[in-house]
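Engineer: Got entry_29.csv for you, CSV, C-alpha atoms:
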```
chain,number,residue,atom,x,y,z
A,19,MET,CA,1.0,-9.9,-15.1
A,20,ARG,CA,3.8,-10.1,-12.5
A,21,VAL,CA,5.1,-13.6,-11.5
A,22,GLY,CA,2.7,-15.2,-9.1
A,23,GLN,CA,0.0,-12.5,-9.5
A,24,GLY,CA,-3.0,-12.0,-11.7
A,25,GLY,CA,-6.6,-11.1,-11.7
A,26,ASN,CA,-9.9,-11.1,-13.5
A,27,GLY,CA,-13.2,-9.3,-13.5
A,28,PRO,CA,-15.0,-6.4,-15.1
A,29,GLY,CA,-13.0,-3.3,-16.1
A,30,PRO,CA,-9.3,-2.6,-16.5
A,31,LEU,CA,-6.7,-4.5,-14.4
A,32,THR,CA,-3.2,-3.3,-13.3
A,33,PRO,CA,0.0,-5.2,-13.8
A,34,ASP,CA,-0.4,-7.1,-10.5
A,35,GLY,CA,-4.1,-7.9,-11.2
A,36,SER,CA,-5.7,-5.2,-9.2
A,37,ALA,CA,-9.1,-4.2,-10.5
A,38,VAL,CA,-9.5,-0.4,-11.1
A,39,GLU,CA,-13.3,-0.5,-10.7
A,40,LEU,CA,-13.0,-2.4,-7.4
A,41,TYR,CA,-10.7,0.3,-6.1
A,42,GLU,CA,-13.1,3.0,-7.1
A,43,VAL,CA,-15.9,1.6,-5.0
A,44,THR,CA,-13.8,0.5,-2.0
A,45,GLN,CA,-14.5,2.8,1.0
A,46,VAL,CA,-12.2,4.5,3.5
A,47,HIS,CA,-11.9,2.7,6.8
A,48,GLY,CA,-10.3,5.3,9.0
A,49,GLU,CA,-6.9,5.2,7.3
A,50,ASP,CA,-6.9,9.0,6.7
A,51,GLU,CA,-7.6,9.6,10.4
A,52,LEU,CA,-4.7,7.4,11.5
A,53,ILE,CA,-2.3,9.1,9.1
A,54,ASP,CA,-3.5,12.6,9.9
A,55,ALA,CA,-3.0,12.1,13.6
A,56,ALA,CA,0.7,11.0,13.0
A,57,ILE,CA,1.8,14.1,11.0
A,58,ASP,CA,1.8,17.8,11.3
A,59,PRO,CA,-1.1,19.9,9.8
A,60,ALA,CA,-0.7,20.9,6.1
A,61,SER,CA,2.1,18.3,5.5
A,62,SER,CA,3.5,17.6,2.1
A,63,ILE,CA,2.8,14.0,1.3
A,64,LEU,CA,4.2,11.7,-1.4
A,65,GLU,CA,1.6,8.9,-1.8
A,66,LEU,CA,3.2,5.8,-3.4
A,67,GLY,CA,0.6,3.5,-5.0
A,68,CYS,CA,-2.3,5.8,-4.7
A,69,GLY,CA,-4.7,3.7,-6.8
A,70,THR,CA,-7.8,5.7,-7.7
A,71,GLY,CA,-7.3,8.1,-4.9
A,72,ARG,CA,-9.3,6.4,-2.1
A,73,ILE,CA,-7.0,7.9,0.6
A,74,THR,CA,-5.7,10.8,-1.5
A,75,ARG,CA,-9.0,12.7,-1.3
A,76,PRO,CA,-9.5,12.5,2.4
A,77,LEU,CA,-5.9,13.6,3.1
A,78,LEU,CA,-6.5,16.6,0.7
A,79,ALA,CA,-9.7,17.4,2.6
A,80,ARG,CA,-7.8,17.4,5.8
A,81,GLY,CA,-5.5,20.2,4.4
A,82,HIS,CA,-2.5,18.2,3.4
A,83,ARG,CA,-0.7,18.6,0.1
A,84,VAL,CA,-0.5,15.3,-1.8
A,85,LEU,CA,1.5,14.2,-4.8
A,86,ALA,CA,-0.1,10.9,-5.9
A,87,VAL,CA,1.9,8.2,-7.7
A,88,ASP,CA,0.7,5.0,-9.3
A,89,GLU,CA,2.1,2.8,-12.1
A,90,SER,CA,-1.3,2.2,-13.6
A,91,GLN,CA,-2.5,4.9,-16.0
A,92,ASP,CA,-6.0,3.5,-15.6
A,93,MET,CA,-5.8,4.1,-11.8
A,94,ILE,CA,-4.1,7.5,-11.9
A,95,ALA,CA,-6.6,8.9,-14.4
A,96,ARG,CA,-9.2,8.7,-11.7
A,97,VAL,CA,-7.3,11.1,-9.5
A,98,ILE,CA,-8.1,14.6,-10.7
A,99,GLU,CA,-8.0,16.6,-7.4
A,100,THR,CA,-4.2,16.9,-7.1
A,101,GLU,CA,-0.9,16.5,-9.0
A,102,THR,CA,-0.2,13.0,-10.1
A,103,ILE,CA,2.7,11.0,-11.6
A,104,CYS,CA,2.4,7.7,-13.5
A,105,SER,CA,5.5,5.7,-12.6
A,106,THR,CA,6.6,2.5,-11.0
A,107,ILE,CA,7.6,3.2,-7.4
A,108,GLY,CA,11.0,1.6,-7.7
A,109,ASP,CA,11.9,3.9,-10.6
A,110,LEU,CA,10.7,7.1,-9.1
A,111,ARG,CA,13.3,9.7,-8.4
A,112,LEU,CA,12.2,13.3,-7.9
A,113,ASP,CA,14.3,16.4,-7.1
A,114,LYS,CA,12.2,17.2,-4.0
A,115,GLN,CA,11.5,15.8,-0.6
A,116,PHE,CA,8.4,15.5,1.5
A,117,ASP,CA,7.3,15.7,5.1
A,118,LEU,CA,5.7,12.2,4.7
A,119,VAL,CA,6.2,9.4,2.2
A,120,LEU,CA,3.2,7.1,2.4
A,121,MET,CA,3.2,3.5,1.0
A,122,MET,CA,0.1,1.6,1.9
A,123,SER,CA,-1.8,-1.5,0.5
A,124,PHE,CA,0.8,-3.9,1.8
A,125,LEU,CA,3.2,-3.0,-1.0
A,126,ILE,CA,6.0,-3.6,1.4
A,127,ASN,CA,5.1,-7.3,1.4
A,128,VAL,CA,6.1,-7.8,-2.2
A,129,SER,CA,7.6,-11.3,-2.4
A,130,ASP,CA,10.7,-10.2,-4.3
A,131,ASP,CA,13.5,-9.0,-1.9
A,132,ALA,CA,15.2,-6.9,-4.5
A,133,GLU,CA,12.0,-5.2,-5.5
A,134,ARG,CA,11.2,-4.5,-1.8
A,135,LEU,CA,14.6,-2.9,-1.4
A,136,ARG,CA,13.9,-0.6,-4.5
A,137,LEU,CA,10.6,0.4,-2.9
A,138,LEU,CA,12.3,1.4,0.3
A,139,GLN,CA,15.1,3.2,-1.6
A,140,THR,CA,12.4,5.4,-3.2
A,141,CYS,CA,10.9,6.1,0.2
A,142,ALA,CA,14.2,7.0,1.7
A,143,HIS,CA,15.1,9.2,-1.3
A,144,HIS,CA,12.0,11.4,-1.0
A,145,VAL,CA,11.6,11.9,2.8
A,146,ARG,CA,13.1,15.1,4.1
A,147,PRO,CA,15.4,15.1,7.2
A,148,GLY,CA,13.1,14.9,10.2
A,149,GLY,CA,10.2,13.6,8.1
A,150,SER,CA,8.4,10.3,8.2
A,151,VAL,CA,7.8,7.2,6.1
A,152,ILE,CA,4.6,5.4,6.9
A,153,LEU,CA,4.2,1.8,5.7
A,154,GLN,CA,1.1,-0.5,5.9
A,155,GLN,CA,2.3,-4.0,6.2
A,156,GLN,CA,0.8,-7.5,6.3
A,157,THR,CA,1.6,-9.2,9.5
A,158,PRO,CA,2.0,-13.0,10.0
A,159,GLY,CA,-1.4,-14.6,10.5
A,160,MET,CA,-3.4,-12.0,8.6
A,161,LEU,CA,-3.8,-14.1,5.5
A,162,ARG,CA,-5.8,-17.1,6.6
A,163,GLY,CA,-8.2,-19.2,4.6
A,164,PRO,CA,-10.6,-20.4,3.6
A,165,ALA,CA,-12.5,-17.5,5.0
A,166,VAL,CA,-15.5,-15.3,4.1
A,167,MET,CA,-16.0,-11.7,5.3
A,168,VAL,CA,-19.3,-9.9,4.6
A,169,ASN,CA,-20.5,-6.5,5.5
A,170,GLU,CA,-23.2,-4.2,4.1
A,171,GLN,CA,-20.9,-3.0,1.2
A,172,ARG,CA,-19.1,-6.1,0.1
A,173,ARG,CA,-18.3,-9.8,0.3
A,174,MET,CA,-14.6,-10.9,0.4
A,175,GLU,CA,-13.5,-14.5,0.2
A,176,ILE,CA,-9.9,-15.8,0.9
A,177,SER,CA,-9.3,-19.1,-0.7
A,178,ASP,CA,-6.5,-21.4,-2.0
A,179,VAL,CA,-4.0,-20.2,0.6
A,180,GLU,CA,-0.5,-21.7,0.1
A,181,GLU,CA,2.3,-21.6,2.6
A,182,LEU,CA,5.5,-21.3,0.6
A,183,PRO,CA,9.2,-21.4,1.4
A,184,GLY,CA,10.8,-18.3,2.9
A,185,ASN,CA,7.7,-17.3,4.9
A,186,ARG,CA,5.8,-16.4,1.7
A,187,GLN,CA,2.1,-17.0,1.1
A,188,ALA,CA,-0.1,-17.2,-2.0
A,189,ALA,CA,-3.9,-16.8,-1.9
A,190,THR,CA,-6.9,-15.9,-4.0
A,191,LEU,CA,-9.0,-12.9,-3.0
A,192,THR,CA,-12.5,-12.7,-4.4
A,193,TYR,CA,-14.6,-9.5,-3.9
A,194,THR,CA,-18.2,-9.1,-4.8
A,195,ILE,CA,-19.9,-5.6,-4.7
A,196,ASP,CA,-23.2,-4.7,-6.2
A,197,GLY,CA,-23.4,-7.9,-8.2
A,198,LYS,CA,-19.9,-7.5,-9.7
A,199,THR,CA,-17.1,-9.9,-8.8
A,200,TRP,CA,-13.3,-9.6,-9.1
A,201,SER,CA,-10.7,-12.2,-8.2
A,202,GLN,CA,-7.0,-11.7,-7.7
A,203,ARG,CA,-4.2,-14.1,-7.0
A,204,ILE,CA,-1.6,-12.6,-4.7
A,205,LEU,CA,1.9,-13.6,-3.6
A,206,THR,CA,3.2,-12.0,-0.4
A,207,GLN,CA,6.2,-12.1,1.9
A,208,ASN,CA,5.6,-11.9,5.7
A,209,LEU,CA,8.4,-9.9,7.3
A,210,SER,CA,9.7,-10.4,10.8
A,211,GLU,CA,10.5,-7.2,12.8
A,212,ASP,CA,14.2,-7.9,12.4
A,213,GLN,CA,13.9,-8.4,8.6
A,214,LEU,CA,12.0,-5.2,8.1
A,215,ALA,CA,14.4,-3.3,10.4
A,216,ALA,CA,17.4,-4.6,8.5
A,217,GLN,CA,16.0,-3.5,5.1
A,218,LEU,CA,15.1,-0.1,6.5
A,219,ALA,CA,18.6,0.3,7.8
A,220,GLU,CA,20.0,-0.7,4.4
A,221,VAL,CA,18.4,2.4,2.9
A,222,GLY,CA,19.1,4.7,5.8
A,223,LEU,CA,15.8,4.5,7.7
A,224,GLN,CA,15.0,3.4,11.2
A,225,ARG,CA,11.6,2.2,12.5
A,226,THR,CA,10.5,4.5,15.3
A,227,ASP,CA,7.1,3.2,16.3
A,228,TYR,CA,3.9,1.5,15.3
A,229,LEU,CA,0.8,3.5,14.7
A,230,SER,CA,-1.6,0.7,15.4
A,231,PRO,CA,-1.7,-2.1,18.1
A,232,ASP,CA,-1.7,-4.8,15.5
A,233,LYS,CA,1.6,-3.4,14.1
A,234,THR,CA,0.2,-3.2,10.5
A,235,TRP,CA,1.1,0.5,10.4
A,236,VAL,CA,4.9,1.3,10.7
A,237,ARG,CA,6.6,4.6,11.0
A,238,ALA,CA,10.2,5.1,10.1
A,239,ARG,CA,12.5,8.1,9.9
A,240,PRO,CA,15.8,8.9,8.3
A,241,VAL,CA,18.8,8.0,10.4
```
Any chance you could give the structure as structure tokens?
Structural biologist:
Amino acid sequence: MRVGQGGNGPGPLTPDGSAVELYEVTQVHGEDELIDAAIDPASSILELGCGTGRITRPLLARGHRVLAVDESQDMIARVIETETICSTIGDLRLDKQFDLVLMMSFLINVSDDAERLRLLQTCAHHVRPGGSVILQQQTPGMLRGPAVMVNEQRRMEISDVEELPGNRQAATLTYTIDGKTWSQRILTQNLSEDQLAAQLAEVGLQRTDYLSPDKTWVRARPV
């Protein structure tokens, strides 16, 4: 497991402790609509960290062309509707560019500054001139606990929240769906607007706007 992260529960786990079976049963919550509204019809999309294809499939259904990437062979094996690549995001270098590079699941909030820079370098390398990079970020205050959130599909509990130096946070997330329970310890970095803007600029990207009022969805373009 990566430093500061790990998980447990039924089925295979990825290097950061994410549970493959949990991803398979997690539903879409309008993310595809938000992304679709921000890009042109039939866009080419490089989806970084696609998991089991939760958002890949709705984007394909909307007419976009998606190349799905994930470092977990167990995750990527569940994506059979489109072309896939099993690779770490930071190491990915393809000889093609895309209308949209999409990186969701708060991957930008990785706690290691050097790793975050590698992720952004991958985004910048693969977006075409005039294209877009869309990032989903954790914003300060999102990770609060102890807390329990319940709906008709699942129960999620946030516990053991730690405030760490450098505006970092650690917490345990526990999910229960259909009698199965998964737990994951996460370590994240909250980024100020200036911090994110500086790292985007370092790789030749510039934030252009936010796609949601809570600023969790960020769009950037090549400078």
Engineer: As an exercise, work out the distance from atom CA of A:Gly24 to atom CA of A:Ala95 in Å and give it to one decimal place.
Structural biologist: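 About the pair atom CA of A:Gly24 and atom CA of A:Ala95: they are 21.4 Å apart.
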Engineer: Please determine, counting all atoms listed in the file, which residue among A:Glu49, A:Glu220, A:Glu175, A:Glu65 has the shortest atom-to-atom distance to A:Leu135.
Structural biologist: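 The closest residue to A:Leu135 is A:Glu220.
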Engineer: I'd like the neighbourhood of A:Glu211 as a list in words, where a residue qualifies if any of its atoms comes within 12 Å (using only C-alpha atoms), though same-chain residues fewer than 3 positions away should be ignored.
Structural biologist: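 Residues meeting the cut-off are Gln155, Gln156, Thr157, Pro158, Asn208, Leu214, Ala215, Ala216, Gln217, Leu218, Gln224, Arg225, Thr226, Asp227, Tyr228, Lys233, Thr234 and Val236 of chain A.
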Engineer: Which residues, written as a VMD selection string, have at least one atom at most 7 Å from stretch 142-146 of chain A, with only C-alpha atoms counted and residues fewer than 3 positions away on the same chain left out?
Structural biologist: chain A and resid 114 to 119 138 to 139 149 to 151 221 to 223
Engineer: Within 12 Å of (-4.0, -18.6, -3.2), in the coordinates the file gives, what residues turn up when you count all atoms listed in the file, written out as an MDAnalysis selection string?
Structural biologist: chainID A and resid 22:25 161:165 175:182 186:192 201:206
Engineer: Quick one: write out the picked residues with C-alpha atoms as an mmCIF file, in the frame of the given file?
Structural biologist:
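File written: part.cif
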```
data_model
loop_
_atom_site.group_PDB
_atom_site.id
_atom_site.type_symbol
_atom_site.label_atom_id
_atom_site.label_comp_id
_atom_site.auth_asym_id
_atom_site.auth_seq_id
_atom_site.Cartn_x
_atom_site.Cartn_y
_atom_site.Cartn_z
ATOM 1 C CA GLY A 22 2.700 -15.200 -9.100
ATOM 2 C CA GLN A 23 0.000 -12.500 -9.500
ATOM 3 C CA GLY A 24 -3.000 -12.000 -11.700
ATOM 4 C CA GLY A 25 -6.600 -11.100 -11.700
ATOM 5 C CA LEU A 161 -3.800 -14.100 5.500
ATOM 6 C CA ARG A 162 -5.800 -17.100 6.600
ATOM 7 C CA GLY A 163 -8.200 -19.200 4.600
ATOM 8 C CA PRO A 164 -10.600 -20.400 3.600
ATOM 9 C CA ALA A 165 -12.500 -17.500 5.000
ATOM 10 C CA GLU A 175 -13.500 -14.500 0.200
ATOM 11 C CA ILE A 176 -9.900 -15.800 0.900
ATOM 12 C CA SER A 177 -9.300 -19.100 -0.700
ATOM 13 C CA ASP A 178 -6.500 -21.400 -2.000
ATOM 14 C CA VAL A 179 -4.000 -20.200 0.600
ATOM 15 C CA GLU A 180 -0.500 -21.700 0.100
ATOM 16 C CA GLU A 181 2.300 -21.600 2.600
ATOM 17 C CA LEU A 182 5.500 -21.300 0.600
ATOM 18 C CA ARG A 186 5.800 -16.400 1.700
ATOM 19 C CA GLN A 187 2.100 -17.000 1.100
ATOM 20 C CA ALA A 188 -0.100 -17.200 -2.000
ATOM 21 C CA ALA A 189 -3.900 -16.800 -1.900
ATOM 22 C CA THR A 190 -6.900 -15.900 -4.000
ATOM 23 C CA LEU A 191 -9.000 -12.900 -3.000
ATOM 24 C CA THR A 192 -12.500 -12.700 -4.400
ATOM 25 C CA SER A 201 -10.700 -12.200 -8.200
ATOM 26 C CA GLN A 202 -7.000 -11.700 -7.700
ATOM 27 C CA ARG A 203 -4.200 -14.100 -7.000
ATOM 28 C CA ILE A 204 -1.600 -12.600 -4.700
ATOM 29 C CA LEU A 205 1.900 -13.600 -3.600
ATOM 30 C CA THR A 206 3.200 -12.000 -0.400
#
```
